[in-house]
$ cat work_36.txt   # compact mmCIF, C-alpha atoms
# COMPACT_ATOMS: atom_id res chain seq x y z
CA MET I 1231 1.53 28.34 6.55
CA LEU I 1232 -1.05 27.29 3.98
CA PRO I 1233 -4.72 27.23 4.89
CA PRO I 1234 -6.17 23.69 4.94
CA SER I 1235 -8.41 24.56 1.99
CA ALA I 1236 -5.32 24.86 -0.23
CA SER I 1237 -4.98 21.07 -0.10
CA ALA I 1238 -8.68 20.25 -0.34
CA ILE I 1239 -10.12 18.72 -3.50
CA LEU I 1240 -13.15 20.66 -4.67
CA GLU I 1241 -15.56 20.31 -7.59
CA PRO I 1242 -14.95 20.52 -10.44
CA VAL I 1243 -11.99 18.19 -10.04
CA PRO I 1244 -9.27 19.03 -12.58
CA ARG I 1245 -9.10 16.40 -15.31
CA ASP I 1246 -5.45 15.45 -14.71
CA LEU I 1247 -6.05 14.95 -10.98
CA ARG I 1248 -9.25 12.99 -11.69
CA GLU I 1249 -7.30 10.69 -14.04
CA GLN I 1250 -4.46 10.24 -11.56
CA LEU I 1251 -6.84 9.26 -8.78
CA ARG I 1252 -8.68 6.84 -11.05
CA ARG I 1253 -5.28 5.25 -11.81
CA ALA I 1254 -4.73 4.88 -8.05
CA VAL I 1255 -8.03 3.00 -7.74
CA VAL I 1256 -7.27 0.81 -10.77
CA ARG I 1257 -3.79 0.08 -9.39
CA GLN I 1258 -5.37 -0.91 -6.06
CA VAL I 1259 -7.65 -3.39 -7.86
CA VAL I 1260 -4.78 -4.83 -9.92
CA ASP I 1261 -2.16 -4.98 -7.16
CA GLU I 1262 -4.30 -6.10 -4.21
CA PRO I 1263 -6.33 -9.27 -4.87
CA ARG I 1264 -7.27 -9.85 -1.21
CA ARG I 1265 -10.67 -8.76 0.09
CA ALA I 1266 -9.18 -7.68 3.41
CA TYR I 1267 -5.72 -6.15 3.53
CA PRO I 1268 -3.77 -3.77 5.75
CA PRO I 1269 -3.91 -0.09 4.86
CA SER I 1270 -0.98 1.54 3.10
CA VAL I 1271 0.03 5.16 2.69
CA HIS I 1272 1.24 6.37 -0.69
CA VAL I 1273 2.79 9.70 -1.65
CA GLY I 1274 3.53 10.91 -5.16
CA VAL I 1275 1.74 10.87 -8.48
CA PRO I 1276 -0.48 7.83 -9.08
CA GLY I 1277 0.63 5.99 -12.18
CA ALA I 1278 4.00 7.75 -12.17
CA VAL I 1279 6.51 8.19 -9.38
CA SER I 1280 5.33 7.30 -5.87
CA THR I 1281 6.37 5.58 -2.70
CA ALA I 1282 4.32 3.54 -0.23
CA ILE I 1283 4.40 2.09 3.26
CA GLU I 1284 2.15 -0.76 4.34
CA LEU I 1285 0.91 0.05 7.82
CA GLY I 1286 -0.10 -3.39 9.06
CA ARG I 1287 -0.22 -3.54 12.85
CA ARG I 1288 1.44 -0.13 13.17
CA VAL I 1289 -1.80 1.75 12.43
CA GLY I 1290 -2.69 2.31 16.09
CA ARG I 1291 0.88 2.96 17.26
CA LEU I 1292 1.70 5.94 15.07
CA ASP I 1293 1.22 9.34 16.63
CA HIS I 1294 0.53 12.55 14.72
CA ALA I 1295 4.17 13.70 14.69
CA LEU I 1296 5.41 10.38 13.33
CA ARG I 1297 2.71 10.28 10.64
CA THR I 1298 3.63 13.84 9.61
CA ASP I 1299 7.35 12.95 9.47
CA MET I 1300 6.53 9.89 7.35
CA VAL I 1301 4.51 11.94 4.85
CA GLU I 1302 7.27 14.56 4.62
CA ALA I 1303 10.01 11.95 4.13
CA MET I 1304 7.98 10.11 1.50
CA LEU I 1305 7.28 13.36 -0.33
CA ARG I 1306 10.96 14.34 -0.34
CA ALA I 1307 11.79 10.94 -1.85
CA VAL I 1308 9.49 11.38 -4.85
CA ASP I 1309 9.19 15.15 -5.29
CA ARG I 1310 10.03 16.29 -8.81
CA PRO I 1311 9.83 19.80 -10.29
CA GLY I 1312 6.56 20.43 -12.08
CA THR I 1313 4.63 17.62 -10.37
CA ALA I 1314 1.61 17.92 -8.12
CA PRO I 1315 1.95 15.04 -5.63
CA VAL I 1316 -0.90 13.68 -3.55
CA VAL I 1317 -1.17 11.48 -0.48
CA TRP I 1318 -3.48 8.51 -0.67
CA LEU I 1319 -4.43 6.02 1.98
CA ALA I 1320 -5.29 2.71 0.31
CA ARG I 1321 -7.54 0.57 2.47
CA CYS I 1322 -10.41 -1.86 2.36
CA GLY I 1323 -13.82 -1.08 3.75
CA PRO I 1324 -16.38 1.65 3.21
CA ALA I 1325 -15.70 4.90 1.39
CA GLN I 1326 -16.95 6.90 4.38
CA ALA I 1327 -14.29 8.61 6.49
CA LEU I 1328 -12.85 6.48 9.29
CA ASP I 1329 -10.63 7.54 12.19
CA VAL I 1330 -7.50 6.29 10.36
CA ASP I 1331 -8.41 8.49 7.36
CA LEU I 1332 -8.73 11.58 9.50
CA ALA I 1333 -5.44 10.87 11.27
CA TRP I 1334 -3.58 10.69 7.94
CA LEU I 1335 -5.47 13.74 6.66
CA ALA I 1336 -4.21 15.72 9.65
CA ALA I 1337 -0.65 14.52 8.98
CA ALA I 1338 -0.86 15.43 5.29
CA ARG I 1339 -2.21 18.88 6.14
CA CYS I 1340 0.54 19.43 8.68
CA ALA I 1341 3.22 18.31 6.20
CA ALA I 1342 1.73 20.61 3.55
CA GLY I 1343 1.90 23.52 5.98
CA GLU I 1344 5.47 22.77 7.01
CA LEU I 1345 6.57 22.46 3.37
CA ALA I 1346 4.43 25.45 2.29
CA ARG I 1347 2.80 23.60 -0.59
CA PRO I 1348 -0.59 22.08 -1.36
CA LEU I 1349 -0.75 18.34 -0.69
CA PRO I 1350 -4.19 16.83 -1.30
CA MET I 1351 -5.03 13.62 0.55
CA VAL I 1352 -7.58 11.01 -0.52
CA VAL I 1353 -8.74 7.61 0.63
CA VAL I 1354 -8.60 4.94 -2.08
CA THR I 1355 -10.62 1.73 -1.92
CA ARG I 1356 -11.17 -0.94 -4.56
CA ARG I 1357 -14.15 0.99 -5.90
CA SER I 1358 -13.59 4.65 -5.06
CA TRP I 1359 -11.49 7.58 -4.05
CA ARG I 1360 -12.65 10.31 -1.69
CA ASP I 1361 -11.23 13.45 -0.06
CA PRO I 1362 -12.16 12.95 3.62
CA SER I 1363 -12.16 16.71 4.26
CA THR I 1364 -14.65 17.69 1.55
CA GLY I 1365 -16.37 14.43 0.62
CA VAL I 1366 -15.52 15.00 -3.05
CA GLY I 1367 -14.76 11.75 -4.78
CA ARG I 1368 -15.67 9.24 -7.42
CA SER I 1369 -16.89 5.68 -7.16
CA TRP I 1370 -17.49 2.86 -9.60
CA SER I 1371 -19.68 -0.20 -9.28
CA ARG I 1372 -17.48 -2.06 -11.76
CA LEU I 1373 -14.13 -0.53 -12.53
CA ARG I 1374 -12.45 -1.48 -15.79
CA THR I 1375 -8.97 -0.73 -16.97
CA PRO I 1376 -8.74 1.27 -20.22
CA ASP I 1377 -7.75 -1.80 -22.28
CA GLY I 1378 -9.99 -4.35 -20.57
CA PRO I 1379 -9.58 -6.93 -17.81
CA GLY I 1380 -6.02 -7.80 -16.92
CA ALA I 1381 -4.50 -4.87 -18.82
CA ASP I 1382 -1.81 -2.73 -17.27
CA PRO I 1383 -3.60 0.37 -15.88
CA ASP I 1384 -0.56 2.52 -16.64
CA GLY I 1385 -0.45 1.48 -20.26
CA ALA I 1386 3.02 0.01 -20.02
$ encode --input "work_36.txt" --output "structure tokens"
Amino acid sequence: MLPPSASAILEPVPRDLREQLRRAVVRQVVDEPRRAYPPSVHVGVPGAVSTAIELGRRVGRLDHALRTDMVEAMLRAVDRPGTAPVVWLARCGPAQALDVDLAWLAAARCAAGELARPLPMVVVTRRSWRDPSTGVGRSWSRLRTPDGPGADPDGA
């Protein structure tokens, strides 16, 4: 079993991971125009291969075992050799850790332990990403895509 710190994001954040997580935030801005929206869980590599589930009203009805099974199943669906997948909970609201963040963090840590591999988990909002276990993250007051407003954040 891996120690929880194996999945924690610590400073300095590796450049490739920092860029991936920025892409997750940009994608959230581009794909979700509503101010208030239901949270969704994503597993994979932001900007590349990933899968997602919108939680909607299910947020309060999922227990720890079911959340862990969901993370594991989602990871198996997108896992590719040589990739370093992450779990991200996309939600509206403050960047500070909420109960839903900690519940999904526990599930991601449990899945990482069961699969014997690191699996970082972050919370993504329209202006930031943050690891709820360490507080490491980045935020922007005005996020721009690399090629300007309305551009595809993945460059495609």
$ residues_around --input "work_36.txt" --residues "Ala1282 (chain I)" --least-positions-apart "2" --cutoff "7 Å" --atoms "all atoms listed in the file" --output "PyMOL selection string"
chain I and resi 1270-1273+1280+1284
$ closest_residue --input "work_36.txt" --among "I:Glu1262, I:Glu1249, I:Asp1293, I:Asp1361" --to "Val1317 (chain I)" --atoms "all atoms listed in the file"
I:Asp1361
$ closest_residue --input "work_36.txt" --among "I:Arg1264, I:Arg1374, I:Arg1356, I:Arg1257" --to "Gly1323 (chain I)" --atoms "only C-alpha atoms"
I:Arg1356
$ residues_around --input "work_36.txt" --residues "region 1335-1344 of chain I" --least-positions-apart "3" --cutoff "12 Å" --atoms "only C-alpha atoms" --output "number ranges by chain"
I: 1231-1238, 1271-1273, 1292-1306, 1314-1319, 1327-1332, 1347-1353, 1360-1364
$ write_last_selection --input "work_36.txt" --atoms "C-alpha atoms" --output "PDB file, in the frame of the given file"
ATOM      1  CA  MET I1231       1.530  28.340   6.550  1.00  0.00           C
ATOM      2  CA  LEU I1232      -1.050  27.290   3.980  1.00  0.00           C
ATOM      3  CA  PRO I1233      -4.720  27.230   4.890  1.00  0.00           C
ATOM      4  CA  PRO I1234      -6.170  23.690   4.940  1.00  0.00           C
ATOM      5  CA  SER I1235      -8.410  24.560   1.990  1.00  0.00           C
ATOM      6  CA  ALA I1236      -5.320  24.860  -0.230  1.00  0.00           C
ATOM      7  CA  SER I1237      -4.980  21.070  -0.100  1.00  0.00           C
ATOM      8  CA  ALA I1238      -8.680  20.250  -0.340  1.00  0.00           C
ATOM      9  CA  VAL I1271       0.030   5.160   2.690  1.00  0.00           C
ATOM     10  CA  HIS I1272       1.240   6.370  -0.690  1.00  0.00           C
ATOM     11  CA  VAL I1273       2.790   9.700  -1.650  1.00  0.00           C
ATOM     12  CA  LEU I1292       1.700   5.940  15.070  1.00  0.00           C
ATOM     13  CA  ASP I1293       1.220   9.340  16.630  1.00  0.00           C
ATOM     14  CA  HIS I1294       0.530  12.550  14.720  1.00  0.00           C
ATOM     15  CA  ALA I1295       4.170  13.700  14.690  1.00  0.00           C
ATOM     16  CA  LEU I1296       5.410  10.380  13.330  1.00  0.00           C
ATOM     17  CA  ARG I1297       2.710  10.280  10.640  1.00  0.00           C
ATOM     18  CA  THR I1298       3.630  13.840   9.610  1.00  0.00           C
ATOM     19  CA  ASP I1299       7.350  12.950   9.470  1.00  0.00           C
ATOM     20  CA  MET I1300       6.530   9.890   7.350  1.00  0.00           C
ATOM     21  CA  VAL I1301       4.510  11.940   4.850  1.00  0.00           C
ATOM     22  CA  GLU I1302       7.270  14.560   4.620  1.00  0.00           C
ATOM     23  CA  ALA I1303      10.010  11.950   4.130  1.00  0.00           C
ATOM     24  CA  MET I1304       7.980  10.110   1.500  1.00  0.00           C
ATOM     25  CA  LEU I1305       7.280  13.360  -0.330  1.00  0.00           C
ATOM     26  CA  ARG I1306      10.960  14.340  -0.340  1.00  0.00           C
ATOM     27  CA  ALA I1314       1.610  17.920  -8.120  1.00  0.00           C
ATOM     28  CA  PRO I1315       1.950  15.040  -5.630  1.00  0.00           C
ATOM     29  CA  VAL I1316      -0.900  13.680  -3.550  1.00  0.00           C
ATOM     30  CA  VAL I1317      -1.170  11.480  -0.480  1.00  0.00           C
ATOM     31  CA  TRP I1318      -3.480   8.510  -0.670  1.00  0.00           C
ATOM     32  CA  LEU I1319      -4.430   6.020   1.980  1.00  0.00           C
ATOM     33  CA  ALA I1327     -14.290   8.610   6.490  1.00  0.00           C
ATOM     34  CA  LEU I1328     -12.850   6.480   9.290  1.00  0.00           C
ATOM     35  CA  ASP I1329     -10.630   7.540  12.190  1.00  0.00           C
ATOM     36  CA  VAL I1330      -7.500   6.290  10.360  1.00  0.00           C
ATOM     37  CA  ASP I1331      -8.410   8.490   7.360  1.00  0.00           C
ATOM     38  CA  LEU I1332      -8.730  11.580   9.500  1.00  0.00           C
ATOM     39  CA  ARG I1347       2.800  23.600  -0.590  1.00  0.00           C
ATOM     40  CA  PRO I1348      -0.590  22.080  -1.360  1.00  0.00           C
ATOM     41  CA  LEU I1349      -0.750  18.340  -0.690  1.00  0.00           C
ATOM     42  CA  PRO I1350      -4.190  16.830  -1.300  1.00  0.00           C
ATOM     43  CA  MET I1351      -5.030  13.620   0.550  1.00  0.00           C
ATOM     44  CA  VAL I1352      -7.580  11.010  -0.520  1.00  0.00           C
ATOM     45  CA  VAL I1353      -8.740   7.610   0.630  1.00  0.00           C
ATOM     46  CA  ARG I1360     -12.650  10.310  -1.690  1.00  0.00           C
ATOM     47  CA  ASP I1361     -11.230  13.450  -0.060  1.00  0.00           C
ATOM     48  CA  PRO I1362     -12.160  12.950   3.620  1.00  0.00           C
ATOM     49  CA  SER I1363     -12.160  16.710   4.260  1.00  0.00           C
ATOM     50  CA  THR I1364     -14.650  17.690   1.550  1.00  0.00           C
TER      51      THR I1364
END
$ closest_residue --input "work_36.txt" --among "I:Pro1324, I:Leu1285, I:Leu1345, I:Asp1246" --to "Ser1369 (chain I)" --atoms "all atoms listed in the file"
I:Pro1324
$ atom_distance --input "work_36.txt" --atom1 "CA of Arg1291 (chain I)" --atom2 "CA of Asp1309 (chain I)"
26.9 Å
$ closest_residue --input "work_36.txt" --among "I:Arg1310, I:Val1255, I:Val1260, I:Arg1372" --to "Val1279 (chain I)" --atoms "only C-alpha atoms"
I:Arg1310
$ closest_residue --input "work_36.txt" --among "I:Ala1325, I:Ala1320, I:Ala1278, I:Val1366" --to "Gln1258 (chain I)" --atoms "all atoms listed in the file"
I:Ala1320
$ atom_distance --input "work_36.txt" --atom1 "CA of Ala1266 (chain I)" --atom2 "CA of Arg1321 (chain I)"
8.5 Å
$ atom_distance --input "work_36.txt" --atom1 "CA of Arg1357 (chain I)" --atom2 "CA of Tyr1267 (chain I)"
14.5 Å
$ closest_residue --input "work_36.txt" --among "I:Gln1326, I:Pro1311, I:Ala1333, I:Gly1274" --to "Trp1359 (chain I)" --atoms "all atoms listed in the file"
I:Gln1326
$ axis_aligned_box --input "work_36.txt" --around "region 1312-1330 of chain I" --padding-each-side "5 Å" --output "JSON"
{"center_x": -5.2, "center_y": 9.3, "center_z": 0.1, "size_x": 33.5, "size_y": 32.3, "size_z": 34.3}
$ build_atoms --input "work_36.txt" --residues "region 1249-1261 of chain I" --atoms "N, CA, C and O atoms" --output "CSV table (one decimal), in the coordinates of the input"
chain,number,residue,atom,x,y,z
I,1249,GLU,N,-7.9,11.8,-13.4
I,1249,GLU,CA,-7.3,10.7,-14.0
I,1249,GLU,C,-6.3,10.0,-13.2
I,1249,GLU,O,-6.2,8.8,-13.1
I,1250,GLN,N,-5.5,10.8,-12.5
I,1250,GLN,CA,-4.5,10.2,-11.6
I,1250,GLN,C,-5.1,9.4,-10.5
I,1250,GLN,O,-4.7,8.3,-10.1
I,1251,LEU,N,-6.2,10.0,-9.9
I,1251,LEU,CA,-6.8,9.3,-8.8
I,1251,LEU,C,-7.6,8.0,-9.3
I,1251,LEU,O,-7.6,7.0,-8.6
I,1252,ARG,N,-8.1,8.1,-10.5
I,1252,ARG,CA,-8.7,6.8,-11.0
I,1252,ARG,C,-7.6,5.8,-11.2
I,1252,ARG,O,-7.8,4.6,-10.9
I,1253,ARG,N,-6.4,6.2,-11.7
I,1253,ARG,CA,-5.3,5.2,-11.8
I,1253,ARG,C,-4.9,4.6,-10.5
I,1253,ARG,O,-4.6,3.5,-10.4
I,1254,ALA,N,-5.0,5.4,-9.4
I,1254,ALA,CA,-4.7,4.9,-8.0
I,1254,ALA,C,-5.7,3.8,-7.7
I,1254,ALA,O,-5.4,2.8,-7.1
I,1255,VAL,N,-7.0,4.0,-8.0
I,1255,VAL,CA,-8.0,3.0,-7.7
I,1255,VAL,C,-7.8,1.8,-8.6
I,1255,VAL,O,-7.8,0.6,-8.1
I,1256,VAL,N,-7.5,1.9,-9.9
I,1256,VAL,CA,-7.3,0.8,-10.8
I,1256,VAL,C,-6.0,0.0,-10.3
I,1256,VAL,O,-6.1,-1.2,-10.2
I,1257,ARG,N,-5.0,0.7,-9.9
I,1257,ARG,CA,-3.8,0.1,-9.4
I,1257,ARG,C,-4.1,-0.7,-8.1
I,1257,ARG,O,-3.6,-1.8,-7.9
I,1258,GLN,N,-5.0,-0.2,-7.3
I,1258,GLN,CA,-5.4,-0.9,-6.1
I,1258,GLN,C,-6.1,-2.2,-6.4
I,1258,GLN,O,-5.8,-3.3,-5.8
I,1259,VAL,N,-6.9,-2.2,-7.4
I,1259,VAL,CA,-7.6,-3.4,-7.9
I,1259,VAL,C,-6.7,-4.4,-8.4
I,1259,VAL,O,-6.7,-5.6,-8.1
I,1260,VAL,N,-5.7,-3.9,-9.3
I,1260,VAL,CA,-4.8,-4.8,-9.9
I,1260,VAL,C,-3.8,-5.4,-8.9
I,1260,VAL,O,-3.4,-6.6,-9.0
I,1261,ASP,N,-3.2,-4.6,-8.0
I,1261,ASP,CA,-2.2,-5.0,-7.2
I,1261,ASP,C,-2.6,-5.7,-5.9
I,1261,ASP,O,-1.8,-6.4,-5.3
